[in-house]
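Below you'll find the structure, written out as structure tokens, and then a few comments.
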Amino acid sequence: MSSNQDLTDFVGLSAILTGFGADDLNPQFSPAPVAVEYLQTLQSKVDAALVSRMLSTYQTISGLPPAEQPAAVQSQILADPQLGPVARNVIRMWYLSIWYTDYSDPNNPVTGFSDGTVVSSNAYTKGLAWDAAQAHPMGYSEMHYGYWATEPPPLDSPDDNS
Amino acid sequence: MTEQTNYDVIIVGAGIAGGLAAYKLAQAGKRVLVLDGGPGIPPNRGEYMEKFYLEMAKTPESPYPPDTGDEANSRPRIMDLISWKTRPPTGYLIQEGPLPFSSTYERVAGGTTWHWLGTSLRLLPNDFHIQTAYGHGVDWPYGYDDLQPWYGRAEWEIGVAAEVSHQEYHGLTFWDPDDPAKPYSYPMPEILQTYQDQVVARLIGDLTLEGQQVSVSPTPQARNSIPFDDRRVCAGNTNCIPICPIQAKYDATIHVGKAQNLGVEVWYKTVAYSLGVDNETGLVSGVNYKQYEDPKGGVTNTGTVSAPFYIMAAHAIETPKILLNSRSNELPNGVANLSDQVGRNLMDHPTQLSWALMPEPVYPYRGPLATSGVESLRDGDFRKEHAPFRMEMGNEGWNWATNDPWGSVNQFIGEGQFGPALKNNLNALLVKQFRFGSLVEQMPLSTNRIVPSTQYADALGIPRPEITYDLDPYTRAGYAAARQNANAIFAKMGATDLTKPDPTSSRVFYYNDQPYILNGAGHTMGTYRMGGDRKRFVLDADQRSHDHPNLFMVGSGVFPSVGTSNPTLTIAATTLKTVDNMIKTVLK
């Protein structure tokens, strides 16, 4: 099981990895927090020591000034031969709600047709790719008739559904 | 053993054709039994939605049972097309090529309307006599004016949203079905066009291609723009295919349900596999069926049911399979097949995908899957040279074309992108994606056919469909023209064409040495066509077998030629026409 500290670190790291704010990824009042599902998925699919190293590496990075953190995540996590593939699969999970099965072979890159598992139906409805498109998950609209006839709210609008 | 029944009519198939037929017959006081091979209508669509959410590949069939190819109601799946040449076959269809038939269908109550788009275009007047007008294909046994009233009735029956003044092109005329002197209106106001549709129309501006003024037309759609028939309005889930989460889009479970409310009996999980014929009278004498409970558990019961009249509505692959599986010493070609045309002339609307990056954001992945199209090249003198096409404007970016957003998200992450750059670069790409899906009119070929396999049977021991399929040169020329014209429109708009046919695809074909990828539209047509000449056609103009006077057939198998309109509305119109005639004549 994950501790609160693990969740805090996971969300903080995920915010830097995805480009979405920590409050967007794990809203304070959420009936079905997808961050918890994703952390559990990560911990169930990846060697515990590796997950632990990734989160503790981030914990150290989180003590740096905010402007220096992305570069540190890049050099210490994404560029790490073991942590990098895991971190990239975490980004995929946030954007597409999928945990891809084979993600660490550089000769066999993950594509939109690779094998994997949709984390849950709840997760599907919260994929960040749809927010990046200023849209909604196909099959899950919270909008009303005719919204499509005008431009959507701006990408980083506080009203957007992320 | 034959069960004695009190039914007036037995219908095989509970899709839109069978559902509408059952409902109309029941309204006229007829006693009707419907046999359907799949499970019944689920009490809600939650289970189907859950399955859709959890599927990796959001194919048209992804929400629906069964999952495997060896269950009682197995049917083709998009994923089977990747390995269509493999033997033993991995999918339900036995594909003999040279091209794979690339459309799929469902075998559940409500049929394939579970995942139809909802596009409800009428055929054009010239579509009914293309042989006479252009020297290609086959004429219908009647013209647009004969079907016009039935189009109107069909539009009110299933609920179509459109504005007449936007549909009066290529000679289409509209009048009140019951009074030619009165004007017609659709039952619901037109569905609002997307922001994308508006940008595309503005950027195309003034453009003429192949002698036709190019314009963007709002598409008539069987989805609710206002509450209609106790169903709610569309919320723009952008998911008409594979499944509308809220049933704002019409599907045939509605008429199957209405028919049941009027007393129609429906036997689910009851798979018709052949028809019996009384050799003295020439009348069909019964439907032979197998029943199952567990789709993986095999046959639990077999039987035969009889009634004075029969309507085949099992789909344009399953209906000919049943007829051809009914061979006997007296009828060596099978039932209703003295013409030898049953199962032949299999057609689709081969769909050419062209995709581009727009010069400004159009914000796709919003709204119904398609709300407009370029209908300008559906008719014109060029039909003497190449097949016509309609250009559907997708509201789902490059989802069909390149599997986005899944494709680009993985590509960008694989390149090392992360953080705000990843988010912003994806945004810049996704909001400018646009594609045309051009539905090309396919010509009938007698060699394009479905026959019951002599080698492979389904889980109930019933022969599976074996398909031979190809595209004729005129259709291929239309495909190439669709590609060229899409490119011309992209150029006029200042969009960057990014269409890239993969020559290693299992669905590649060539025209003038250029590769094209075959896509199915889900429109299976032509396999029991109607026409006056009993030597060339299976059914007469009343959709009655030339050979067996108590056997009628409905569905897109009756189309002698297919035009460029998505077939469901024409299925509904021809079914209503046929059943009305049955009620006024043989069932009087």
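Labels for the structure tokens follow display order: chains A, B, ..., residues from 1 in each chain, ligands from 1.
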>> What parts of chain A does DSSP call strand (DSSP E or B)? I'd like the answer as a PyMOL selection string.
In response: chain A and resi 98-100+116-118
> Can you list, as an MDAnalysis selection string, every protein, DNA or RNA residue that comes within 7 Å of stretch 111-115 of chain B when you count only C-alpha atoms, leaving out same-chain residues fewer than 5 positions away?
Replying inline: chainID B and resid 14:16 60 105:106 240:243 251:252
Write out, as a tab-separated table, each residue of chain B that has an atom at most 6 Å from chain A, together with the closest pair of atoms and their distance in Å to one decimal, counting only C-alpha atoms, rows going by chain and rising number.
```
residue	atom	partner	partner_atom	distance
B:Tyr53	CA	A:Ser121	CA	5.2
B:Leu54	CA	A:Val118	CA	5.3
B:Gln193	CA	A:Ala149	CA	6.0
B:Thr194	CA	A:Ala149	CA	4.4
B:Tyr195	CA	A:Ala149	CA	4.5
B:Cys234	CA	A:Tyr145	CA	5.6
B:Ala235	CA	A:Tyr145	CA	4.7
B:Asn237	CA	A:Ser141	CA	4.8
B:Thr238	CA	A:Met138	CA	5.3
B:Asn239	CA	A:Gly139	CA	4.9
B:Tyr365	CA	A:Ala135	CA	5.9
B:Arg366	CA	A:Trp148	CA	5.7
B:Gly367	CA	A:Trp148	CA	5.0
B:Trp406	CA	A:Gly112	CA	4.7
B:Gly407	CA	A:Gly112	CA	4.3
B:Asn410	CA	A:Thr111	CA	5.4
B:Phe418	CA	A:Leu17	CA	5.3
B:Gly419	CA	A:Gly19	CA	3.7
B:Pro420	CA	A:Gly19	CA	4.0
B:Lys423	CA	A:Ala132	CA	5.9
B:Asn427	CA	A:Ala132	CA	5.0
B:Leu430	CA	A:Ala133	CA	5.4
B:Val431	CA	A:Ala133	CA	5.8
```
Can I get the selected residues back with N, CA and C atoms, as a short mmCIF file (atom, residue, chain, number, x, y, z; two decimals), in the first residue's frame?
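Output file selection-v2.cif is given in full below:
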```
data_model
loop_
_atom_site.label_atom_id
_atom_site.label_comp_id
_atom_site.auth_asym_id
_atom_site.auth_seq_id
_atom_site.Cartn_x
_atom_site.Cartn_y
_atom_site.Cartn_z
N TYR B 53 -15.01 1.44 -22.26
CA TYR B 53 -13.97 2.21 -21.56
C TYR B 53 -12.70 1.36 -21.37
N LEU B 54 -12.88 0.09 -21.10
CA LEU B 54 -11.73 -0.75 -20.73
C LEU B 54 -11.04 -1.40 -21.93
N GLN B 193 -23.82 22.71 -36.59
CA GLN B 193 -22.52 22.33 -37.16
C GLN B 193 -21.42 22.66 -36.16
N THR B 194 -20.33 21.90 -36.22
CA THR B 194 -19.23 22.15 -35.29
C THR B 194 -18.48 23.42 -35.71
N TYR B 195 -17.71 23.91 -34.75
CA TYR B 195 -16.80 25.02 -35.04
C TYR B 195 -15.91 24.66 -36.22
N CYS B 234 -28.68 15.24 -27.96
CA CYS B 234 -27.27 14.88 -28.06
C CYS B 234 -26.43 15.78 -27.16
N ALA B 235 -25.49 15.16 -26.44
CA ALA B 235 -24.57 15.93 -25.59
C ALA B 235 -23.17 15.97 -26.18
N ASN B 237 -20.98 13.49 -27.21
CA ASN B 237 -19.98 12.59 -26.63
C ASN B 237 -18.90 12.15 -27.63
N THR B 238 -19.09 12.49 -28.91
CA THR B 238 -18.10 12.18 -29.95
C THR B 238 -17.81 10.69 -29.99
N ASN B 239 -18.89 9.91 -29.89
CA ASN B 239 -18.73 8.47 -29.72
C ASN B 239 -19.88 7.68 -30.34
N TYR B 365 -12.44 16.45 -31.91
CA TYR B 365 -12.74 15.60 -30.76
C TYR B 365 -13.90 16.18 -29.95
N ARG B 366 -14.76 16.91 -30.63
CA ARG B 366 -15.92 17.50 -29.96
C ARG B 366 -17.14 17.37 -30.86
N GLY B 367 -18.31 17.25 -30.23
CA GLY B 367 -19.56 17.17 -30.98
C GLY B 367 -19.83 15.75 -31.45
N TRP B 406 -3.94 8.46 -29.20
CA TRP B 406 -3.02 7.44 -28.69
C TRP B 406 -1.69 7.45 -29.47
N GLY B 407 -1.79 7.63 -30.80
CA GLY B 407 -0.59 7.57 -31.62
C GLY B 407 0.38 8.70 -31.30
N ASN B 410 1.98 8.77 -27.69
CA ASN B 410 3.09 7.82 -27.55
C ASN B 410 4.32 8.26 -28.33
N PHE B 418 8.29 15.96 -22.29
CA PHE B 418 7.56 15.88 -21.02
C PHE B 418 7.21 17.30 -20.58
N GLY B 419 6.38 17.36 -19.54
CA GLY B 419 6.07 18.65 -18.94
C GLY B 419 5.26 19.56 -19.86
N PRO B 420 5.34 20.87 -19.62
CA PRO B 420 4.54 21.82 -20.40
C PRO B 420 4.80 21.71 -21.91
N LYS B 423 2.63 18.92 -23.23
CA LYS B 423 1.23 19.34 -23.22
C LYS B 423 0.96 20.34 -24.35
N ASN B 427 -1.19 19.87 -27.76
CA ASN B 427 -2.31 20.79 -28.00
C ASN B 427 -2.23 21.39 -29.40
N LEU B 430 -3.18 18.54 -31.88
CA LEU B 430 -4.51 17.93 -31.81
C LEU B 430 -5.61 18.91 -32.24
N VAL B 431 -5.45 20.19 -31.92
CA VAL B 431 -6.54 21.13 -32.24
C VAL B 431 -6.59 21.50 -33.72
#
```
> Can you tell me, as a ChimeraX atom specification, what residues are no more than 8 Å from B:Leu338 when counting only C-alpha atoms, ignoring any on the same chain fewer than 6 positions away?
Replying inline: /B:535,538,547
Emit the selected residues as a CSV table (one decimal), in the first residue's frame, including all heavy atoms.
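Saved to out02.csv:
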```csv
chain,number,residue,atom,x,y,z
B,535,LYS,N,-34.2,-13.4,-63.8
B,535,LYS,CA,-32.9,-14.1,-64.1
B,535,LYS,C,-31.7,-13.4,-63.5
B,535,LYS,O,-30.7,-13.9,-63.4
B,535,LYS,CB,-32.7,-14.2,-65.6
B,535,LYS,CG,-33.7,-15.2,-66.3
B,535,LYS,CD,-33.2,-15.6,-67.7
B,535,LYS,CE,-34.2,-16.4,-68.5
B,535,LYS,NZ,-35.3,-15.6,-69.0
B,538,VAL,N,-32.9,-11.3,-57.3
B,538,VAL,CA,-33.4,-12.2,-56.4
B,538,VAL,C,-34.8,-11.9,-56.0
B,538,VAL,O,-35.7,-12.7,-55.8
B,538,VAL,CB,-32.5,-12.2,-55.1
B,538,VAL,CG1,-33.1,-13.1,-54.0
B,538,VAL,CG2,-31.1,-12.6,-55.5
B,547,ASP,N,-39.0,-16.4,-56.6
B,547,ASP,CA,-39.2,-17.9,-56.6
B,547,ASP,C,-40.2,-18.4,-55.6
B,547,ASP,O,-40.9,-19.4,-55.9
B,547,ASP,CB,-37.8,-18.6,-56.3
B,547,ASP,CG,-36.7,-18.1,-57.1
B,547,ASP,OD1,-37.0,-17.5,-58.2
B,547,ASP,OD2,-35.5,-18.4,-56.8
```
For B:Ile450, find every residue with an atom within 8 Å (counting only C-alpha atoms), except residues of its own chain fewer than 3 positions away, and show them as an mmCIF file with N, CA, C and O atoms, in the first residue's frame.
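Okay, around-v1.cif is ready:
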```
data_model
loop_
_atom_site.group_PDB
_atom_site.id
_atom_site.type_symbol
_atom_site.label_atom_id
_atom_site.label_comp_id
_atom_site.auth_asym_id
_atom_site.auth_seq_id
_atom_site.Cartn_x
_atom_site.Cartn_y
_atom_site.Cartn_z
ATOM 1 N N ILE B 317 -24.887 -10.184 -45.001
ATOM 2 C CA ILE B 317 -24.027 -11.376 -45.067
ATOM 3 C C ILE B 317 -24.761 -12.589 -44.501
ATOM 4 O O ILE B 317 -24.730 -13.673 -45.076
ATOM 5 N N PRO B 320 -27.972 -14.056 -46.969
ATOM 6 C CA PRO B 320 -27.592 -14.978 -48.052
ATOM 7 C C PRO B 320 -26.945 -16.261 -47.534
ATOM 8 O O PRO B 320 -27.110 -17.327 -48.136
ATOM 9 N N LYS B 321 -26.237 -16.166 -46.411
ATOM 10 C CA LYS B 321 -25.657 -17.389 -45.841
ATOM 11 C C LYS B 321 -26.758 -18.394 -45.532
ATOM 12 O O LYS B 321 -26.647 -19.583 -45.847
ATOM 13 N N GLY B 343 -26.134 -13.832 -52.580
ATOM 14 C CA GLY B 343 -24.768 -13.787 -52.062
ATOM 15 C C GLY B 343 -23.798 -13.055 -52.962
ATOM 16 O O GLY B 343 -22.692 -12.726 -52.533
ATOM 17 N N ARG B 344 -24.208 -12.766 -54.200
ATOM 18 C CA ARG B 344 -23.312 -12.059 -55.129
ATOM 19 C C ARG B 344 -23.496 -10.547 -55.015
ATOM 20 O O ARG B 344 -24.377 -10.069 -54.316
ATOM 21 N N LEU B 346 -21.797 -8.340 -53.588
ATOM 22 C CA LEU B 346 -21.490 -7.789 -52.264
ATOM 23 C C LEU B 346 -20.788 -6.437 -52.433
ATOM 24 O O LEU B 346 -19.798 -6.332 -53.155
ATOM 25 N N PRO B 465 -19.505 -17.572 -42.923
ATOM 26 C CA PRO B 465 -19.481 -16.909 -44.238
ATOM 27 C C PRO B 465 -18.072 -16.889 -44.830
ATOM 28 O O PRO B 465 -17.114 -16.543 -44.150
ATOM 29 N N GLU B 466 -17.994 -17.280 -46.088
ATOM 30 C CA GLU B 466 -16.723 -17.217 -46.820
ATOM 31 C C GLU B 466 -16.876 -16.149 -47.891
ATOM 32 O O GLU B 466 -17.863 -16.143 -48.629
ATOM 33 N N ILE B 467 -15.913 -15.239 -47.959
ATOM 34 C CA ILE B 467 -16.096 -14.041 -48.779
ATOM 35 C C ILE B 467 -14.980 -13.864 -49.800
ATOM 36 O O ILE B 467 -13.806 -13.993 -49.478
ATOM 37 N N THR B 468 -15.404 -13.607 -51.036
ATOM 38 C CA THR B 468 -14.482 -13.224 -52.102
ATOM 39 C C THR B 468 -14.772 -11.769 -52.423
ATOM 40 O O THR B 468 -15.936 -11.396 -52.603
ATOM 41 N N THR B 527 -26.508 -8.135 -51.677
ATOM 42 C CA THR B 527 -26.383 -9.589 -51.794
ATOM 43 C C THR B 527 -27.700 -10.330 -52.038
ATOM 44 O O THR B 527 -27.694 -11.545 -52.163
#
```
>> Please list as a ChimeraX atom specification every residue within 12 Å of B:Ser74, counting only C-alpha atoms and excluding residues in the same chain fewer than 2 positions away.
In response: /B:37-39,61,64-72,76-77,90-93,104-108,269,271,295-296,318,457-460,462,464-465
Please write the residues from the selection above to a file, keeping N, CA, C and O atoms, as a compact mmCIF listing (two decimals), in the first residue's frame.
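Dumped to selection.txt:
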```
# COMPACT_ATOMS: atom_id res chain seq x y z
N GLY B 37 -30.38 -13.93 -33.35
CA GLY B 37 -29.27 -14.80 -32.96
C GLY B 37 -28.50 -14.34 -31.74
O GLY B 37 -27.72 -15.10 -31.17
N GLY B 38 -28.71 -13.11 -31.31
CA GLY B 38 -27.92 -12.57 -30.21
C GLY B 38 -28.69 -12.47 -28.91
O GLY B 38 -29.86 -12.84 -28.84
N PRO B 39 -28.01 -11.97 -27.87
CA PRO B 39 -28.68 -11.73 -26.60
C PRO B 39 -29.68 -10.58 -26.74
O PRO B 39 -29.62 -9.80 -27.68
N GLU B 61 -16.79 -2.57 -32.68
CA GLU B 61 -17.39 -3.70 -31.97
C GLU B 61 -16.99 -3.74 -30.49
O GLU B 61 -17.49 -4.58 -29.74
N TYR B 64 -19.35 -4.56 -27.44
CA TYR B 64 -20.39 -5.58 -27.56
C TYR B 64 -19.85 -6.99 -27.45
O TYR B 64 -18.70 -7.25 -27.82
N PRO B 65 -20.71 -7.91 -26.99
CA PRO B 65 -20.30 -9.31 -26.99
C PRO B 65 -20.42 -9.88 -28.40
O PRO B 65 -21.16 -9.33 -29.20
N PRO B 66 -19.76 -11.00 -28.71
CA PRO B 66 -18.81 -11.69 -27.85
C PRO B 66 -17.39 -11.18 -28.07
O PRO B 66 -17.14 -10.42 -29.00
N ASP B 67 -16.47 -11.63 -27.25
CA ASP B 67 -15.09 -11.19 -27.34
C ASP B 67 -14.27 -12.03 -28.30
O ASP B 67 -13.27 -11.58 -28.82
N THR B 68 -14.67 -13.25 -28.50
CA THR B 68 -13.83 -14.17 -29.27
C THR B 68 -14.55 -14.57 -30.56
O THR B 68 -15.72 -14.26 -30.76
N GLY B 69 -13.83 -15.27 -31.41
CA GLY B 69 -14.38 -15.64 -32.70
C GLY B 69 -15.09 -16.99 -32.70
O GLY B 69 -15.58 -17.43 -33.73
N ASP B 70 -15.16 -17.64 -31.55
CA ASP B 70 -15.70 -19.00 -31.56
C ASP B 70 -16.92 -19.14 -30.66
O ASP B 70 -17.18 -20.18 -30.08
N GLU B 71 -17.70 -18.06 -30.54
CA GLU B 71 -18.91 -18.13 -29.73
C GLU B 71 -20.14 -18.18 -30.63
O GLU B 71 -20.07 -17.93 -31.83
N ALA B 72 -21.29 -18.47 -30.01
CA ALA B 72 -22.50 -18.73 -30.79
C ALA B 72 -22.87 -17.57 -31.71
O ALA B 72 -23.28 -17.78 -32.84
N PRO B 76 -17.72 -10.58 -37.44
CA PRO B 76 -16.40 -10.04 -37.81
C PRO B 76 -15.97 -8.92 -36.87
O PRO B 76 -16.81 -8.22 -36.29
N ARG B 77 -14.68 -8.77 -36.73
CA ARG B 77 -14.11 -7.69 -35.93
C ARG B 77 -13.02 -6.98 -36.74
O ARG B 77 -12.33 -7.61 -37.54
N THR B 90 -8.41 -16.54 -38.10
CA THR B 90 -8.47 -16.08 -36.71
C THR B 90 -9.80 -15.38 -36.43
O THR B 90 -10.18 -15.22 -35.28
N GLY B 91 -10.48 -14.95 -37.48
CA GLY B 91 -11.75 -14.24 -37.29
C GLY B 91 -12.93 -15.07 -37.74
O GLY B 91 -12.79 -16.21 -38.17
N TYR B 92 -14.10 -14.48 -37.66
CA TYR B 92 -15.35 -15.18 -38.00
C TYR B 92 -15.49 -15.38 -39.51
O TYR B 92 -15.89 -16.44 -39.97
N LEU B 93 -15.15 -14.34 -40.28
CA LEU B 93 -15.27 -14.46 -41.74
C LEU B 93 -14.10 -15.24 -42.31
O LEU B 93 -12.96 -15.08 -41.86
N THR B 104 -17.71 -4.53 -40.62
CA THR B 104 -18.14 -5.47 -39.59
C THR B 104 -19.61 -5.25 -39.27
O THR B 104 -20.22 -4.28 -39.74
N TYR B 105 -20.18 -6.14 -38.49
CA TYR B 105 -21.58 -5.99 -38.08
C TYR B 105 -21.77 -6.70 -36.74
O TYR B 105 -20.89 -7.45 -36.30
N GLU B 106 -22.90 -6.42 -36.12
CA GLU B 106 -23.17 -6.99 -34.80
C GLU B 106 -24.28 -8.02 -34.87
O GLU B 106 -25.19 -7.91 -35.69
N ARG B 107 -24.21 -8.99 -33.98
CA ARG B 107 -25.28 -9.98 -33.86
C ARG B 107 -25.85 -9.93 -32.44
O ARG B 107 -25.71 -10.85 -31.66
N VAL B 108 -26.44 -8.77 -32.14
CA VAL B 108 -27.16 -8.57 -30.88
C VAL B 108 -28.48 -7.90 -31.24
O VAL B 108 -28.61 -7.34 -32.33
N LYS B 269 -31.19 -15.37 -28.81
CA LYS B 269 -30.27 -16.52 -28.81
C LYS B 269 -30.85 -17.68 -29.63
O LYS B 269 -30.74 -18.84 -29.27
N VAL B 271 -30.73 -18.88 -33.48
CA VAL B 271 -30.00 -18.64 -34.71
C VAL B 271 -30.64 -19.42 -35.86
O VAL B 271 -30.59 -20.65 -35.88
N PRO B 295 -23.11 -18.63 -24.74
CA PRO B 295 -22.53 -18.50 -26.09
C PRO B 295 -21.36 -19.46 -26.33
O PRO B 295 -21.03 -19.75 -27.48
N LYS B 296 -20.73 -19.94 -25.26
CA LYS B 296 -19.63 -20.89 -25.44
C LYS B 296 -20.08 -22.32 -25.19
O LYS B 296 -19.26 -23.23 -25.21
N GLU B 318 -25.47 -12.40 -43.39
CA GLU B 318 -26.12 -13.56 -42.76
C GLU B 318 -27.34 -14.05 -43.55
O GLU B 318 -27.59 -15.25 -43.62
N ALA B 457 -17.09 -24.06 -39.59
CA ALA B 457 -18.41 -23.83 -38.99
C ALA B 457 -18.26 -22.99 -37.73
O ALA B 457 -17.17 -22.88 -37.16
N ASP B 458 -19.37 -22.38 -37.30
CA ASP B 458 -19.33 -21.60 -36.07
C ASP B 458 -19.55 -22.51 -34.86
O ASP B 458 -19.61 -23.74 -34.99
N ALA B 459 -19.70 -21.90 -33.68
CA ALA B 459 -19.79 -22.68 -32.44
C ALA B 459 -21.05 -23.52 -32.36
O ALA B 459 -21.16 -24.41 -31.52
N LEU B 460 -22.03 -23.24 -33.24
CA LEU B 460 -23.27 -24.04 -33.26
C LEU B 460 -23.27 -25.05 -34.40
O LEU B 460 -24.28 -25.70 -34.67
N ILE B 462 -22.91 -24.24 -37.57
CA ILE B 462 -23.47 -23.60 -38.77
C ILE B 462 -22.31 -23.07 -39.62
O ILE B 462 -21.38 -22.46 -39.09
N ARG B 464 -19.75 -20.95 -41.57
CA ARG B 464 -19.41 -19.53 -41.46
C ARG B 464 -19.35 -18.91 -42.84
O ARG B 464 -19.16 -19.59 -43.84
N PRO B 465 -19.51 -17.57 -42.92
CA PRO B 465 -19.48 -16.91 -44.24
C PRO B 465 -18.07 -16.89 -44.83
O PRO B 465 -17.11 -16.54 -44.15
```
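Close contacts of B:Tyr273, defined as residues with an atom at most 6 Å away when counting only C-alpha atoms, with chain neighbours fewer than 3 positions off set aside, comprise Asn288, Tyr289 and Ile322 of chain B.
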> How would you write, as JSON, numbers by chain, the set of residues in stretch 69-109 of chain B that DSSP gives as helix (DSSP H, G or I)?
Replying inline: {"B": [78, 79, 80, 81, 82, 83]}
